[in-house]
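Printed here is start-v7.pdb (PDB, C-alpha atoms and all ligand atoms):
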```pdb
ATOM      1  CA  MET A   8       2.434  30.242  -7.217
ATOM      2  CA  ALA A   9       4.744  28.895  -9.879
ATOM      3  CA  ASN A  10       7.377  31.526  -9.188
ATOM      4  CA  SER A  11       7.586  30.433  -5.569
ATOM      5  CA  PHE A  12       8.764  26.971  -6.549
ATOM      6  CA  ARG A  13      12.253  26.439  -5.342
ATOM      7  CA  SER A  14      15.013  24.157  -6.383
ATOM      8  CA  PHE A  15      16.941  22.589  -3.542
ATOM      9  CA  LEU A  16      19.783  21.432  -5.715
ATOM     10  CA  ARG A  17      22.966  23.279  -5.239
ATOM     11  CA  PRO A  18      25.803  23.591  -7.735
ATOM     12  CA  GLY A  19      28.261  21.874  -5.403
ATOM     13  CA  SER A  20      26.184  18.758  -4.969
ATOM     14  CA  ILE A  21      27.531  16.992  -8.041
ATOM     15  CA  LEU A  22      31.090  17.180  -6.779
ATOM     16  CA  LEU A  23      30.134  15.883  -3.354
ATOM     17  CA  THR A  24      28.209  13.033  -4.917
ATOM     18  CA  ALA A  25      31.200  12.119  -7.026
ATOM     19  CA  VAL A  26      33.394  12.004  -3.946
ATOM     20  CA  ALA A  27      30.889   9.868  -2.102
ATOM     21  CA  LEU A  28      30.574   7.472  -5.024
ATOM     22  CA  ALA A  29      34.309   7.021  -5.147
ATOM     23  CA  GLY A  30      33.929   5.280  -1.812
ATOM     24  CA  GLY A  31      35.566   7.927   0.290
ATOM     25  CA  VAL A  32      34.313   8.945   3.668
ATOM     26  CA  ILE A  33      34.090  12.699   3.581
ATOM     27  CA  HIS A  34      35.564  14.423   6.568
ATOM     28  CA  SER A  35      35.601  17.956   7.717
ATOM     29  CA  ALA A  36      38.946  19.653   8.099
ATOM     30  CA  GLY A  37      40.826  18.203  11.029
ATOM     31  CA  PRO A  38      41.481  14.707  12.268
ATOM     32  CA  ALA A  39      39.018  11.961  11.457
ATOM     33  CA  VAL A  40      37.116  10.661  14.436
ATOM     34  CA  ALA A  41      35.498   7.298  14.729
ATOM     35  CA  HIS A  42      31.910   8.462  14.766
ATOM     36  CA  GLU A  43      32.214   9.897  11.269
ATOM     37  CA  VAL A  44      33.097   6.566   9.726
ATOM     38  CA  ARG A  45      30.477   4.351   8.181
ATOM     39  CA  LYS A  46      30.369   0.868   9.712
ATOM     40  CA  ALA A  47      31.580  -1.993   7.540
ATOM     41  CA  VAL A  48      29.322  -4.568   9.194
ATOM     42  CA  LEU A  49      25.643  -4.029   9.907
ATOM     43  CA  PRO A  50      23.072  -6.159  11.699
ATOM     44  CA  LEU A  51      20.631  -7.838   9.315
ATOM     45  CA  GLY A  52      17.144  -6.413   9.796
ATOM     46  CA  ASP A  53      15.249  -9.586   8.889
ATOM     47  CA  GLY A  54      12.428 -10.326  11.315
ATOM     48  CA  HIS A  55      12.507  -6.904  12.942
ATOM     49  CA  ILE A  56       8.893  -6.106  12.133
ATOM     50  CA  ALA A  57       6.562  -4.988  14.894
ATOM     51  CA  PHE A  58       2.911  -4.055  15.150
ATOM     52  CA  ARG A  59       3.527  -1.209  17.536
ATOM     53  CA  PRO A  60       6.391   1.301  17.768
ATOM     54  CA  VAL A  61       9.593  -0.544  18.705
ATOM     55  CA  ALA A  62      13.080   0.940  18.373
ATOM     56  CA  GLY A  63      15.118  -0.821  15.712
ATOM     57  CA  SER A  64      11.995  -2.288  14.094
ATOM     58  CA  ILE A  65       9.500  -1.241  11.470
ATOM     59  CA  PHE A  66       5.954  -0.742  12.745
ATOM     60  CA  ALA A  67       4.436  -2.365   9.669
ATOM     61  CA  CYS A  68       0.893  -1.905   8.381
ATOM     62  CA  ASP A  69       1.208  -5.199   6.556
ATOM     63  CA  ALA A  70       1.182  -8.494   8.399
ATOM     64  CA  GLN A  71       1.671 -10.662   5.344
ATOM     65  CA  PHE A  72       4.260 -10.442   2.642
ATOM     66  CA  ALA A  73       4.453 -12.107  -0.740
ATOM     67  CA  PRO A  74       7.629 -13.695  -2.011
ATOM     68  CA  GLY A  75       9.619 -11.327  -4.186
ATOM     69  CA  GLY A  76      12.817  -9.401  -4.546
ATOM     70  CA  ALA A  77      16.185 -11.054  -4.653
ATOM     71  CA  PHE A  78      15.974 -14.820  -4.969
ATOM     72  CA  ARG A  79      19.399 -15.674  -3.610
ATOM     73  CA  ASP A  80      21.495 -14.343  -0.740
ATOM     74  CA  GLY A  81      24.894 -13.041  -1.701
ATOM     75  CA  PRO A  82      28.107 -13.685   0.238
ATOM     76  CA  TRP A  83      27.763 -10.188   1.763
ATOM     77  CA  ILE A  84      25.051 -11.659   4.038
ATOM     78  CA  SER A  85      26.352 -13.957   6.741
ATOM     79  CA  GLY A  86      25.462 -14.931  10.275
ATOM     80  CA  GLY A  87      22.805 -12.318  10.929
ATOM     81  CA  GLN A  88      24.997  -9.541   9.563
ATOM     82  CA  TRP A  89      25.690  -7.959   6.237
ATOM     83  CA  PHE A  90      28.641  -6.164   4.678
ATOM     84  CA  PRO A  91      27.517  -3.230   2.493
ATOM     85  CA  ASP A  92      30.865  -2.816   0.740
ATOM     86  CA  GLY A  93      30.796  -6.435  -0.420
ATOM     87  CA  LYS A  94      27.434  -6.148  -2.110
ATOM     88  CA  VAL A  95      26.986  -6.393  -5.869
ATOM     89  CA  GLN A  96      25.511  -3.364  -7.637
ATOM     90  CA  VAL A  97      23.386  -2.890 -10.719
ATOM     91  CA  GLU A  98      25.790  -1.317 -13.189
ATOM     92  CA  GLY A  99      24.964   1.594 -15.427
ATOM     93  CA  ASP A 100      25.113   5.332 -15.827
ATOM     94  CA  VAL A 101      21.677   6.391 -17.034
ATOM     95  CA  GLY A 102      20.770  10.095 -16.912
ATOM     96  CA  TRP A 103      17.254  11.467 -16.478
ATOM     97  CA  PRO A 104      17.117  14.941 -18.056
ATOM     98  CA  GLY A 105      13.313  14.961 -17.747
ATOM     99  CA  ALA A 106      13.406  14.578 -13.963
ATOM    100  CA  GLN A 107      11.311  17.236 -12.202
ATOM    101  CA  ILE A 108      10.393  18.240  -8.701
ATOM    102  CA  ARG A 109       8.703  21.385  -7.496
ATOM    103  CA  ILE A 110       8.266  22.144  -3.823
ATOM    104  CA  ALA A 111       6.241  25.158  -2.754
ATOM    105  CA  ARG A 112       4.900  26.470   0.511
ATOM    106  CA  GLU A 113       1.225  27.388   0.120
ATOM    107  CA  GLY A 114      -0.250  28.635   3.365
ATOM    108  CA  ASP A 115      -0.405  25.784   5.853
ATOM    109  CA  PHE A 116       0.680  23.270   3.243
ATOM    110  CA  ARG A 117       3.741  22.196   1.379
ATOM    111  CA  MET A 118       2.978  21.151  -2.176
ATOM    112  CA  ILE A 119       5.310  18.664  -3.806
ATOM    113  CA  ILE A 120       4.872  17.875  -7.464
ATOM    114  CA  ALA A 121       7.366  15.485  -9.014
ATOM    115  CA  ASN A 122       7.625  12.837 -11.677
ATOM    116  CA  GLY A 123       9.610  10.401  -9.573
ATOM    117  CA  LEU A 124      12.717  10.494 -11.736
ATOM    118  CA  PRO A 125      15.945  11.394  -9.917
ATOM    119  CA  VAL A 126      16.983  15.004 -10.420
ATOM    120  CA  ASN A 127      20.671  15.527 -11.102
ATOM    121  CA  GLN A 128      21.485  11.865 -10.509
ATOM    122  CA  LYS A 129      22.306   8.933 -12.733
ATOM    123  CA  THR A 130      20.969   5.451 -12.098
ATOM    124  CA  GLY A 131      21.899   1.911 -12.895
ATOM    125  CA  ALA A 132      20.475   0.281 -16.051
ATOM    126  CA  TYR A 133      17.152  -1.452 -15.398
ATOM    127  CA  PRO A 134      15.794  -4.069 -16.010
ATOM    128  CA  VAL A 135      18.770  -5.922 -14.549
ATOM    129  CA  ALA A 136      20.804  -7.151 -17.515
ATOM    130  CA  GLN A 137      20.983 -10.856 -18.109
ATOM    131  CA  GLY A 138      24.465 -12.103 -17.354
ATOM    132  CA  SER A 139      25.391  -9.164 -15.107
ATOM    133  CA  ALA A 140      26.734  -9.762 -11.605
ATOM    134  CA  ALA A 141      23.454  -8.472 -10.143
ATOM    135  CA  TYR A 142      21.448 -10.931 -12.261
ATOM    136  CA  ALA A 143      22.865 -13.822 -10.271
ATOM    137  CA  TYR A 144      20.939 -12.580  -7.215
ATOM    138  CA  ASP A 145      18.090 -10.292  -8.236
ATOM    139  CA  ARG A 146      16.447 -10.271 -11.676
ATOM    140  CA  ASN A 147      14.442  -7.093 -11.244
ATOM    141  CA  PRO A 148      12.540  -6.985 -14.577
ATOM    142  CA  ASN A 149      11.197  -3.450 -14.143
ATOM    143  CA  ALA A 150      12.269  -0.393 -16.124
ATOM    144  CA  ILE A 151      12.439   3.023 -14.448
ATOM    145  CA  ALA A 152       9.407   5.068 -15.540
ATOM    146  CA  PRO A 153       8.000   8.510 -14.693
ATOM    147  CA  GLN A 154       5.342   8.688 -12.001
ATOM    148  CA  VAL A 155       2.764  11.222 -10.879
ATOM    149  CA  ILE A 156       3.657  12.452  -7.399
ATOM    150  CA  ARG A 157       1.398  15.173  -6.002
ATOM    151  CA  LEU A 158       1.602  15.668  -2.259
ATOM    152  CA  GLN A 159      -0.088  18.198  -0.047
ATOM    153  CA  LEU A 160       1.744  17.908   3.255
ATOM    154  CA  PRO A 161       1.328  19.924   6.432
ATOM    155  CA  ALA A 162       3.998  22.611   6.341
ATOM    156  CA  ARG A 163       4.232  22.680  10.151
ATOM    157  CA  PRO A 164       3.504  19.054  11.098
ATOM    158  CA  VAL A 165       2.573  18.139  14.652
ATOM    159  CA  GLU A 166       3.117  14.918  16.545
ATOM    160  CA  ALA A 167       0.034  12.693  16.615
ATOM    161  CA  ALA A 168      -1.325  11.256  19.886
ATOM    162  CA  GLN A 169      -0.066   7.846  18.746
ATOM    163  CA  PRO A 170       2.492   6.943  16.101
ATOM    164  CA  SER A 171       1.126   5.057  13.115
ATOM    165  CA  CYS A 172       2.340   2.212  10.956
ATOM    166  CA  VAL A 173       4.302   2.483   7.719
ATOM    167  CA  GLY A 174       2.963   0.759   4.638
ATOM    168  CA  MET A 175       4.596  -0.616   1.562
ATOM    169  CA  GLY A 176       5.089   1.785  -1.321
ATOM    170  CA  MET A 177       6.056   5.440  -1.087
ATOM    171  CA  ILE A 178       6.281   6.810   2.465
ATOM    172  CA  GLY A 179       8.224   9.957   1.603
ATOM    173  CA  VAL A 180      10.110  11.723  -1.154
ATOM    174  CA  THR A 181      13.610  13.152  -1.353
ATOM    175  CA  LEU A 182      14.313  16.722  -2.419
ATOM    176  CA  THR A 183      15.732  15.123  -5.560
ATOM    177  CA  GLY A 184      12.321  13.642  -6.385
ATOM    178  CA  VAL A 185      13.007  10.024  -5.480
ATOM    179  CA  GLY A 186      10.441   7.970  -3.567
ATOM    180  CA  ILE A 187      11.427   6.818  -0.089
ATOM    181  CA  PHE A 188      10.139   3.329   0.729
ATOM    182  CA  ASN A 189      10.431   1.607   4.080
ATOM    183  CA  GLY A 190      13.304  -0.744   4.871
ATOM    184  CA  LEU A 191      11.434  -3.881   3.815
ATOM    185  CA  ASP A 192      11.396  -5.654   0.489
ATOM    186  CA  ALA A 193       8.201  -7.195  -0.902
ATOM    187  CA  GLY A 194       8.937 -10.321   1.091
ATOM    188  CA  GLY A 195       9.219  -8.401   4.371
ATOM    189  CA  ARG A 196      12.994  -8.795   4.624
ATOM    190  CA  ASP A 197      15.792  -6.239   5.015
ATOM    191  CA  ALA A 198      15.628  -4.630   1.566
ATOM    192  CA  ALA A 199      19.021  -2.926   1.703
ATOM    193  CA  ALA A 200      20.767  -6.204   2.491
ATOM    194  CA  HIS A 201      18.920  -8.522   0.112
ATOM    195  CA  GLU A 202      17.859  -6.505  -2.908
ATOM    196  CA  ILE A 203      20.391  -5.477  -5.489
ATOM    197  CA  GLN A 204      20.419  -1.755  -6.096
ATOM    198  CA  ASP A 205      22.494   0.683  -8.097
ATOM    199  CA  HIS A 206      25.349   2.941  -6.925
ATOM    200  CA  CYS A 207      22.762   5.301  -5.407
ATOM    201  CA  ASN A 208      20.983   2.485  -3.507
ATOM    202  CA  GLY A 209      17.969   2.829  -5.802
ATOM    203  CA  HIS A 210      15.905   0.529  -7.984
ATOM    204  CA  PRO A 211      12.425   0.472  -9.618
ATOM    205  CA  GLU A 212       9.327  -1.373  -8.394
ATOM    206  CA  ARG A 213       6.725  -2.961 -10.611
ATOM    207  CA  ARG A 214       5.189   0.304 -11.818
ATOM    208  CA  GLY A 215       8.648   1.611 -12.567
ATOM    209  CA  GLN A 216       8.918   3.910  -9.557
ATOM    210  CA  TYR A 217      12.573   4.427  -8.737
ATOM    211  CA  HIS A 218      13.037   4.490  -4.940
ATOM    212  CA  TYR A 219      15.363   4.133  -1.985
ATOM    213  CA  HIS A 220      14.976   1.788   0.973
ATOM    214  CA  SER A 221      17.966   3.275   2.766
ATOM    215  CA  TRP A 222      20.298   6.276   2.783
ATOM    216  CA  SER A 223      21.672   7.116  -0.636
ATOM    217  CA  PRO A 224      25.157   8.536  -1.229
ATOM    218  CA  CYS A 225      23.509  10.423  -4.117
ATOM    219  CA  ILE A 226      21.388  12.569  -1.803
ATOM    220  CA  PRO A 227      23.185  15.915  -1.419
ATOM    221  CA  ASP A 228      24.422  16.451   2.156
ATOM    222  CA  GLU A 229      27.001  19.205   2.191
ATOM    223  CA  SER A 230      26.516  19.964   5.881
ATOM    224  CA  GLY A 231      26.872  16.331   6.920
ATOM    225  CA  ALA A 232      30.012  16.055   4.840
ATOM    226  CA  ALA A 233      31.366  19.164   6.548
ATOM    227  CA  GLY A 234      31.006  17.689  10.022
ATOM    228  CA  GLN A 235      27.703  19.309  10.884
ATOM    229  CA  HIS A 236      24.112  18.148  11.260
ATOM    230  CA  SER A 237      23.014  16.674   7.928
ATOM    231  CA  ASP A 238      20.986  18.665   5.463
ATOM    232  CA  LEU A 239      17.312  18.073   4.899
ATOM    233  CA  ALA A 240      17.058  15.066   2.567
ATOM    234  CA  GLY A 241      13.296  14.957   1.990
ATOM    235  CA  TYR A 242       9.820  14.955   3.462
ATOM    236  CA  MET A 243       7.907  12.019   4.856
ATOM    237  CA  LEU A 244       4.151  11.714   4.242
ATOM    238  CA  ASP A 245       3.320  13.201   7.652
ATOM    239  CA  GLY A 246       5.143  16.385   6.664
ATOM    240  CA  PHE A 247       8.121  15.932   8.981
ATOM    241  CA  GLY A 248      11.541  16.258   7.419
ATOM    242  CA  ILE A 249      14.046  13.453   7.090
ATOM    243  CA  TYR A 250      17.724  14.311   7.272
ATOM    244  CA  GLY A 251      20.936  12.515   6.393
ATOM    245  CA  PRO A 252      22.816  10.295   8.847
ATOM    246  CA  MET A 253      24.656  13.005  10.794
ATOM    247  CA  GLY A 254      23.229  14.479  13.992
ATOM    248  CA  GLU A 255      24.296  17.512  15.967
ATOM    249  CA  GLY A 256      28.017  18.136  15.901
ATOM    250  CA  GLY A 257      28.396  15.797  12.937
ATOM    251  CA  LYS A 258      27.812  12.664  15.027
ATOM    252  CA  ARG A 259      26.979   9.665  12.857
ATOM    253  CA  LEU A 260      23.654   8.583  14.326
ATOM    254  CA  GLU A 261      22.670   5.124  15.468
ATOM    255  CA  ASN A 262      19.263   3.742  16.355
ATOM    256  CA  SER A 263      20.016   4.302  20.020
ATOM    257  CA  ASP A 264      20.197   8.054  19.362
ATOM    258  CA  LEU A 265      16.663   8.097  17.962
ATOM    259  CA  ASP A 266      13.161   7.142  19.068
ATOM    260  CA  ALA A 267      11.112   4.213  17.744
ATOM    261  CA  CYS A 268       9.958   6.271  14.746
ATOM    262  CA  HIS A 269      13.632   7.052  13.972
ATOM    263  CA  GLY A 270      13.609  10.690  14.897
ATOM    264  CA  HIS A 271      14.384  13.172  17.629
ATOM    265  CA  THR A 272      13.712  16.775  18.566
ATOM    266  CA  HIS A 273      16.179  19.638  18.601
ATOM    267  CA  SER A 274      16.736  22.970  16.914
ATOM    268  CA  ILE A 275      16.709  22.764  13.117
ATOM    269  CA  ASN A 276      16.376  25.199  10.281
ATOM    270  CA  TRP A 277      12.839  24.784   8.947
ATOM    271  CA  ASP A 278      11.772  26.915   6.012
ATOM    272  CA  GLY A 279      14.456  29.428   6.874
ATOM    273  CA  GLN A 280      13.736  29.689  10.600
ATOM    274  CA  GLU A 281      15.457  28.109  13.579
ATOM    275  CA  VAL A 282      12.846  26.063  15.402
ATOM    276  CA  VAL A 283      12.919  23.245  17.944
ATOM    277  CA  MET A 284      11.120  20.529  16.062
ATOM    278  CA  TYR A 285      10.812  16.775  15.636
ATOM    279  CA  HIS A 286      12.502  15.292  12.545
ATOM    280  CA  TYR A 287      13.638  11.936  11.250
ATOM    281  CA  HIS A 288      17.090  10.768  10.246
ATOM    282  CA  PHE A 289      18.391   8.164   7.885
ATOM    283  CA  THR A 290      20.924   5.869   9.539
ATOM    284  CA  ASP A 291      23.337   3.319   8.128
ATOM    285  CA  GLU A 292      21.654   0.511  10.048
ATOM    286  CA  TYR A 293      18.184  -1.012   9.702
ATOM    287  CA  PRO A 294      15.464   0.316   9.645
ATOM    288  CA  TYR A 295      17.465   2.907   7.611
ATOM    289  CA  SER A 296      14.603   5.408   7.434
ATOM    290  CA  ILE A 297      11.507   5.689   9.610
ATOM    291  CA  GLY A 298      10.149   2.999  11.912
ATOM    292  CA  CYS A 299       6.737   4.673  12.281
ATOM    293  CA  PHE A 300       5.018   7.949  11.504
ATOM    294  CA  LYS A 301       5.215  10.444  14.354
ATOM    295  CA  GLY A 302       2.578  12.617  12.689
ATOM    296  CA  LYS A 303      -0.478  11.724  10.659
ATOM    297  CA  PRO A 304       0.528  10.659   7.143
ATOM    298  CA  VAL A 305      -1.434  11.919   4.154
ATOM    299  CA  ALA A 306      -3.096   9.485   1.793
ATOM    300  CA  VAL A 307      -1.420   8.860  -1.517
ATOM    301  CA  PRO A 308      -4.208   7.009  -3.377
ATOM    302  CA  HIS A 309      -2.543   7.182  -6.764
ATOM    303  CA  MET A 310       0.526   5.403  -5.427
ATOM    304  CA  GLY A 311      -1.644   2.468  -4.492
ATOM    305  CA  GLU A 312       0.509   0.550  -2.045
ATOM    306  CA  GLY A 313      -1.216   1.265   1.218
ATOM    307  CA  ALA A 314       0.915   3.974   2.796
ATOM    308  CA  GLN A 315      -2.129   4.711   4.955
ATOM    309  CA  GLY A 316      -2.367   1.232   6.310
ATOM    310  CA  GLN A 317      -4.904   0.064   3.752
ATOM    311  CA  ARG A 318      -4.307  -3.321   2.265
ATOM    312  CA  PRO A 319      -2.512  -2.883  -1.028
ATOM    313  CA  PRO A 320      -4.267  -4.195  -4.132
ATOM    314  CA  PRO A 321      -3.068  -7.653  -5.149
ATOM    315  CA  PRO A 322      -0.191  -7.331  -7.573
ATOM    316  CA  ARG A 323      -0.768  -8.470 -11.125
ATOM    317  CA  MET A 324       2.687  -9.972 -11.104
ATOM    318  CA  PRO A 325       5.358 -10.408  -8.460
ATOM    319  CA  PRO A 326       7.506  -7.300  -7.998
ATOM    320  CA  HIS A 327      10.450  -9.231  -9.276
ATOM    321  CA  MET A 328      10.142 -12.229 -11.547
ATOM    322  CA  PRO A 329      11.300 -15.488 -10.042
ATOM    323  CA  PRO A 330      14.283 -16.954 -11.806
ATOM    324  CA  PRO A 331      13.669 -19.524 -14.509
ATOM    325  CA  PRO A 332      14.757 -23.053 -13.624
ATOM    326  CA  PRO A 333      18.437 -23.544 -14.333
ATOM    327  CA  PRO A 334      18.970 -25.333 -17.645
ATOM    328  CA  GLY A 335      20.229 -28.778 -16.762
ATOM    329  CA  ARG A 336      22.326 -27.639 -13.802
TER
HETATM  330 ZN    ZN A 401      12.437  -1.635  -3.532
HETATM  331 ZN    ZN A 402      18.677  15.806  14.143
END
```

Would you kindly transcribe this structure into structure tokens?
Amino acid sequence: MANSFRSFLRPGSILLTAVALAGGVIHSAGPAVAHEVRKAVLPLGDGHIAFRPVAGSIFACDAQFAPGGAFRDGPWISGGQWFPDGKVQVEGDVGWPGAQIRIAREGDFRMIIANGLPVNQKTGAYPVAQGSAAYAYDRNPNAIAPQVIRLQLPARPVEAAQPSCVGMGMIGVTLTGVGIFNGLDAGGRDAAAHEIQDHCNGHPERRGQYHYHSWSPCIPDESGAAGQHSDLAGYMLDGFGIYGPMGEGGKRLENSDLDACHGHTHSINWDGQEVVMYHYHFTDEYPYSIGCFKGKPVAVPHMGEGAQGQRPPPPRMPPHMPPPPPPGR
């Protein structure tokens, strides 16, 4: 089946990424309208964890969280809100020429084989460098390392009788081979607001898996940029697709446009056919990606962090090292 593997990366994606990284909001031809513009202020997601499907919350498999992640709030967090453009980033421009992803339809299944490194995307330099701006808030000591991602997902997923919880660790993968994690950091807080990430909104966890907790400007989305429904960004572990932040007609989606699992149903192009089908969206606001699984997620035993609702194994060390005591200050 090797010759049926397809690459989803298009030649134009690098240019679009560069435009997005320059901070511009990409508009279609014609006058800009308000719904295309990313919000400068977002509600902080802290505390929005539920143990059933609730819109605007994460239906979490885990009831307890260990301390970890960023050890200090930056000035971009204030009064129950946060300001994405004011957030410090992990600097760097590290390429990953060995990054691989293969996605193939095999009968009723979609096989995804990847090494977890970002295809056609550069990352910040990890571990976070001592003395850098990011180091003042988040001393992520982990280096980005290749992973073994082998997923056998239903190619035509169906909605389960009941939604199910989302665990910590990988809950989906982008078409560029990057793990999608839920919107929580190890401490159960709003990861996108608290944790310091690179220019693509990515960082590594303790086994070195590079991942996103939120929408990344480095995920190709030519259709969204052109004022249409966003392109497919990746697959969640229940087999449903997750798309960028633009809905039908190029409307920038909010939680109120989506159900508790962070999806909706309308006509989409799925494996080359127009079908009316459920799918998820990333949004700018918490929970950023899914709030629950609409279908039945597959087990990912080698990833180890309980995406099926199992308790994760106790970590050998905190995901992020706590800061050393300040020397005499
Ligand atoms: Zn993370
Ligand atoms: Zn949609």

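Among the candidates A:Tyr133, A:Trp103, A:Tyr293, A:Tyr144, the residue lying nearest to Val185 (chain A) is A:Trp103 (atoms considered: only C-alpha atoms).
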
List as a VMD selection string the protein and nucleic acid residues lying within 10 Å of ligand ZN 401 (chain A), with all atoms listed in the file counted.
chain A and resid 76 147 175 to 177 186 to 193 198 to 199 202 to 204 208 to 213 216 to 221 326 to 327

For the selection just defined, write its residues with C-alpha atoms to a file, as a tab-separated table (two decimals), keeping the file's coordinate frame.
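For reference, again-v5.tsv as written:
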```tsv
chain	number	residue	atom	x	y	z
A	76	GLY	CA	12.82	-9.40	-4.55
A	147	ASN	CA	14.44	-7.09	-11.24
A	175	MET	CA	4.60	-0.62	1.56
A	176	GLY	CA	5.09	1.78	-1.32
A	177	MET	CA	6.06	5.44	-1.09
A	186	GLY	CA	10.44	7.97	-3.57
A	187	ILE	CA	11.43	6.82	-0.09
A	188	PHE	CA	10.14	3.33	0.73
A	189	ASN	CA	10.43	1.61	4.08
A	190	GLY	CA	13.30	-0.74	4.87
A	191	LEU	CA	11.43	-3.88	3.82
A	192	ASP	CA	11.40	-5.65	0.49
A	193	ALA	CA	8.20	-7.20	-0.90
A	198	ALA	CA	15.63	-4.63	1.57
A	199	ALA	CA	19.02	-2.93	1.70
A	202	GLU	CA	17.86	-6.50	-2.91
A	203	ILE	CA	20.39	-5.48	-5.49
A	204	GLN	CA	20.42	-1.76	-6.10
A	208	ASN	CA	20.98	2.48	-3.51
A	209	GLY	CA	17.97	2.83	-5.80
A	210	HIS	CA	15.90	0.53	-7.98
A	211	PRO	CA	12.42	0.47	-9.62
A	212	GLU	CA	9.33	-1.37	-8.39
A	213	ARG	CA	6.72	-2.96	-10.61
A	216	GLN	CA	8.92	3.91	-9.56
A	217	TYR	CA	12.57	4.43	-8.74
A	218	HIS	CA	13.04	4.49	-4.94
A	219	TYR	CA	15.36	4.13	-1.98
A	220	HIS	CA	14.98	1.79	0.97
A	221	SER	CA	17.97	3.28	2.77
A	326	PRO	CA	7.51	-7.30	-8.00
A	327	HIS	CA	10.45	-9.23	-9.28
```

Residue nearest ligand ZN 402 (chain A) - candidates A:Leu265, A:Leu260, A:Gly254, A:Gly138, atoms counted: only C-alpha atoms and all ligand atoms:
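Nearest candidate to ligand ZN 402 (chain A) out of A:Leu265, A:Leu260, A:Gly254, A:Gly138: A:Gly254.
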
Skipping near chain neighbours, those fewer than 4 positions away, what residues fall within 10 Å of Val126 (chain A) using only C-alpha atoms, listed as a PyMOL selection string?
chain A and resi 16+102-108+121-122+181-185+226

Within 8 Å of Gly251 (chain A) using only C-alpha atoms, minus same-chain residues under 5 positions, as an MDAnalysis selection string
chainID A and resid 222 228 231 237:240 288:290

Just how far from CA of Arg109 (chain A) is CA of Gly302 (chain A), in Å to one decimal?
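Distance reported for this atom pair: 22.8 Å.
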
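Using all atoms listed in the file for every distance, the candidate list A:Ala136, A:Leu124, A:Ala150, A:Val283 yields A:Val283 as the residue closest to ligand ZN 402 (chain A).
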
May I ask which of the residues A:Leu160, A:Ile178, A:Val101, A:Arg196 is the closest one to Ala73 (chain A), counting all atoms listed in the file?
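Checking each candidate against Ala73 (chain A), we get A:Arg196 as the closest.
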
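Identified as lying at most 9 Å from ligand ZN 402 (chain A) when counting all atoms listed in the file are the residues His236, Ser237, Ile249, Tyr250, Gly251, Pro252, Met253, Gly254, Glu255, Leu260, Leu265, Gly270, His271, Thr272, His273, Ser274, Ile275, Tyr285, His286, Tyr287 and His288 of chain A.
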
Taking 6 positions as the minimum chain separation for residues in the same chain, which residues sit within 6 Å of region 48-57 of chain A when counting all atoms listed in the file? Answer as JSON, numbers by chain.
{"A": [64, 65, 66, 87, 88, 89, 90, 196, 197, 293]}

Selection file, C-alpha atoms, as a short mmCIF file (atom, residue, chain, number, x, y, z; two decimals), keeping the file's coordinate frame:
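Writing the result to again06.cif gives the following:
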```
data_model
loop_
_atom_site.label_atom_id
_atom_site.label_comp_id
_atom_site.auth_asym_id
_atom_site.auth_seq_id
_atom_site.Cartn_x
_atom_site.Cartn_y
_atom_site.Cartn_z
CA SER A 64 12.00 -2.29 14.09
CA ILE A 65 9.50 -1.24 11.47
CA PHE A 66 5.95 -0.74 12.74
CA GLY A 87 22.80 -12.32 10.93
CA GLN A 88 25.00 -9.54 9.56
CA TRP A 89 25.69 -7.96 6.24
CA PHE A 90 28.64 -6.16 4.68
CA ARG A 196 12.99 -8.80 4.62
CA ASP A 197 15.79 -6.24 5.01
CA TYR A 293 18.18 -1.01 9.70
#
```

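Considering only C-alpha atoms, the residue among A:Lys129, A:Arg45, A:Arg79, A:Arg59 positioned nearest to His206 (chain A) is A:Lys129.
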
When you draw a straight line from CA of Val155 (chain A) to CA of Gly279 (chain A), how long is it in Å?
28.0 Å

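If all atoms listed in the file are the atoms counted, then among A:Gln280, A:Ser139, A:Gln169, A:Gln159 the closest residue to Arg117 (chain A) is A:Gln159.
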
Using Å and a single decimal, report how far CA of Ile151 (chain A) sits from CA of Gly123 (chain A).
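Interatomic distance here is 9.3 Å.
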
Fix up region 201-205 of chain A with N, CA, C and O atoms, then write it as a PDB file, in the frame of the given file.
```pdb
ATOM      1  N   HIS A 201      19.244  -7.456   1.068  1.00  0.00           N
ATOM      2  CA  HIS A 201      18.920  -8.522   0.112  1.00  0.00           C
ATOM      3  C   HIS A 201      18.795  -8.046  -1.324  1.00  0.00           C
ATOM      4  O   HIS A 201      19.236  -8.740  -2.249  1.00  0.00           O
ATOM      5  N   GLU A 202      18.141  -6.915  -1.533  1.00  0.00           N
ATOM      6  CA  GLU A 202      17.859  -6.505  -2.908  1.00  0.00           C
ATOM      7  C   GLU A 202      19.084  -5.844  -3.516  1.00  0.00           C
ATOM      8  O   GLU A 202      19.827  -5.135  -2.850  1.00  0.00           O
ATOM      9  N   ILE A 203      19.248  -6.067  -4.800  1.00  0.00           N
ATOM     10  CA  ILE A 203      20.391  -5.477  -5.489  1.00  0.00           C
ATOM     11  C   ILE A 203      19.976  -4.118  -6.038  1.00  0.00           C
ATOM     12  O   ILE A 203      18.990  -4.011  -6.766  1.00  0.00           O
ATOM     13  N   GLN A 204      20.720  -3.103  -5.660  1.00  0.00           N
ATOM     14  CA  GLN A 204      20.419  -1.755  -6.096  1.00  0.00           C
ATOM     15  C   GLN A 204      21.600  -1.173  -6.865  1.00  0.00           C
ATOM     16  O   GLN A 204      22.625  -1.814  -7.001  1.00  0.00           O
ATOM     17  N   ASP A 205      21.415   0.053  -7.344  1.00  0.00           N
ATOM     18  CA  ASP A 205      22.494   0.683  -8.097  1.00  0.00           C
ATOM     19  C   ASP A 205      23.427   1.462  -7.157  1.00  0.00           C
ATOM     20  O   ASP A 205      23.311   1.356  -5.927  1.00  0.00           O
TER      21      ASP A 205
END
```
